[in-house]
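Take a look at the structure below.
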Amino acid sequence: MVCGIDEAGRGCLCGSLFVCGVLGEENMLSSLGIKDSKKLSTKQRFVLDATLQELTKEKRLYFYLIEKSAQDIDTFGISVCMKEALESILRHFLDLRLNIEQFLFDGNTTFGIDKKYSNLHTLIKGDEKNLLIAAASIIAKVAKDSQMLQLHKMYPQYDFASNKGYGTAKHKEAINEFGITPFHRKSFRLS
């Protein structure tokens, strides 16, 4: 088995970072329409997320989702949060004592933990090349979007339902007009 790992929310001004690992057989996902979450509509992502959740209940797939809050990111930095989340996912799946051939992380860095976990590898554009990474991207993105939809109900003036916490012009204008919420990342710049 292979574990695909991806994140959502890394570059946002507001909300948490979500990092997900999905463990299973890639060929099982090929008939489901799984692909990079950025290439799916919101509705498609939510439908596929429900399908992935069902496969998990049936024990045909495993996933593990880590959330790092804006406060965590401000306190420790985004790279430390990514590294901690990645290592937590690896430890979680290794504790299951399953036969895991490799862990594939979308991107170009393992944050140095590949020295400790020799079967951890990066795959640039992995969410386009590997269905397990794509599935992880969907689960992480749905978690991020769900959080931002909840925050939109509390703070509609920031238009989180549309921008999902990213630094759009409208979002930056709202910050300039209303200030930041407790869920904004104070360590991120508005450049």
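We label chains A, B, ... in the order they appear in the structure tokens, count residues from 1 in each chain, and number ligands from 1 in the order shown.
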- Residues at most 8 Å from region 8-15 of chain A, counting only C-alpha atoms, excluding those fewer than 3 positions away in the same chain, as an NGL selection string? :A and (18-19 or 69-70 or 78 or 137 or 140-141 or 144 or 147-148 or 164-167 or 183-185 or 188)
Expected file: the selected residues, C-alpha atoms, as a tab-separated table (two decimals), in the first residue's frame:
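What landed in part17.tsv:
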chain	number	residue	atom	x	y	z
A	18	PHE	CA	-5.22	20.96	7.01
A	19	VAL	CA	-2.86	18.12	6.11
A	69	SER	CA	-4.78	26.49	13.72
A	70	ALA	CA	-3.88	30.06	12.80
A	78	ILE	CA	4.03	27.40	8.72
A	137	SER	CA	-6.12	16.91	-1.41
A	140	ALA	CA	-8.05	18.44	3.19
A	141	LYS	CA	-9.74	20.98	0.89
A	144	LYS	CA	-10.68	23.79	4.91
A	147	GLN	CA	-14.20	25.68	8.23
A	148	MET	CA	-14.31	28.82	6.10
A	164	LYS	CA	-11.87	30.53	1.55
A	165	GLY	CA	-9.37	32.58	3.55
A	166	TYR	CA	-7.04	33.40	0.65
A	167	GLY	CA	-5.79	36.95	0.17
A	183	PHE	CA	-8.89	33.29	13.06
A	184	HIS	CA	-6.58	35.40	10.90
A	185	ARG	CA	-2.89	34.60	10.79
A	188	PHE	CA	1.17	36.54	7.37
- Message: Here is a test: counting only C-alpha atoms, which residue of A:Leu48, A:Asp145, A:Tyr64, A:Ile175 is nearest to Arg91 (chain A)?
- Response: A:Tyr64
- Query: Which parts of chain A does DSSP call helix (DSSP H, G or I) when run on the backbone here, written out as a ChimeraX atom specification?
  - Reply: /A:26-32,37-39,42-57,70-76,78-95,113-115,126-129,131-154,156-158,160-163,169-178
- Using only C-alpha atoms, which residues sit within 6 Å of Ile5 (chain A) once same-chain residues fewer than 6 positions away are excluded, as a list in words?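 That gives Cys20, Gly21, Phe105, Ile133 and Ala136 of chain A.
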Residues of region 62-142 of chain A within 12 Å of region 25-46 of chain A: nearest atom pair and distance (Å, one decimal) for each, counting only C-alpha atoms, sorted by chain and number, as a tab-separated table?
residue	atom	partner	partner_atom	distance
A:Tyr62	CA	A:Glu25	CA	10.1
A:Asn99	CA	A:Glu25	CA	11.5
A:Ile100	CA	A:Glu25	CA	10.4
A:Glu101	CA	A:Glu25	CA	10.9
A:Gln102	CA	A:Glu25	CA	11.8
A:Leu104	CA	A:Glu26	CA	12.0
A:Asp106	CA	A:Asp36	CA	10.8
A:Lys125	CA	A:Asp36	CA	9.1
A:Gly126	CA	A:Asp36	CA	8.6
A:Asp127	CA	A:Asp36	CA	4.9
A:Glu128	CA	A:Asp36	CA	5.4
A:Lys129	CA	A:Asp36	CA	8.6
A:Asn130	CA	A:Glu26	CA	7.6
A:Leu131	CA	A:Glu26	CA	5.8
A:Leu132	CA	A:Glu26	CA	5.9
A:Ile133	CA	A:Asp36	CA	8.0
A:Ala134	CA	A:Asp36	CA	4.7
A:Ala135	CA	A:Ile34	CA	6.4
A:Ala136	CA	A:Ser37	CA	8.8
A:Ser137	CA	A:Ser37	CA	5.7
A:Ile138	CA	A:Ser37	CA	4.9
A:Ile139	CA	A:Arg45	CA	8.1
A:Ala140	CA	A:Ser37	CA	9.0
A:Lys141	CA	A:Ser37	CA	6.9
A:Val142	CA	A:Phe46	CA	6.3
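Considering the residues A:Asn163, A:Ser118, A:Ser187, A:Thr110 and counting only C-alpha atoms, Asp74 (chain A) has its shortest atom-to-atom contact with A:Ser187.
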- Message: If we count only C-alpha atoms and set the cut-off at 10 Å, which residues sit around Met82 (chain A), ignoring sequence neighbours fewer than 2 positions away in its own chain? Please answer as a PyMOL selection string.
- Response: chain A and resi 7+10+17-19+66-68+73+77-80+84-88+110-111
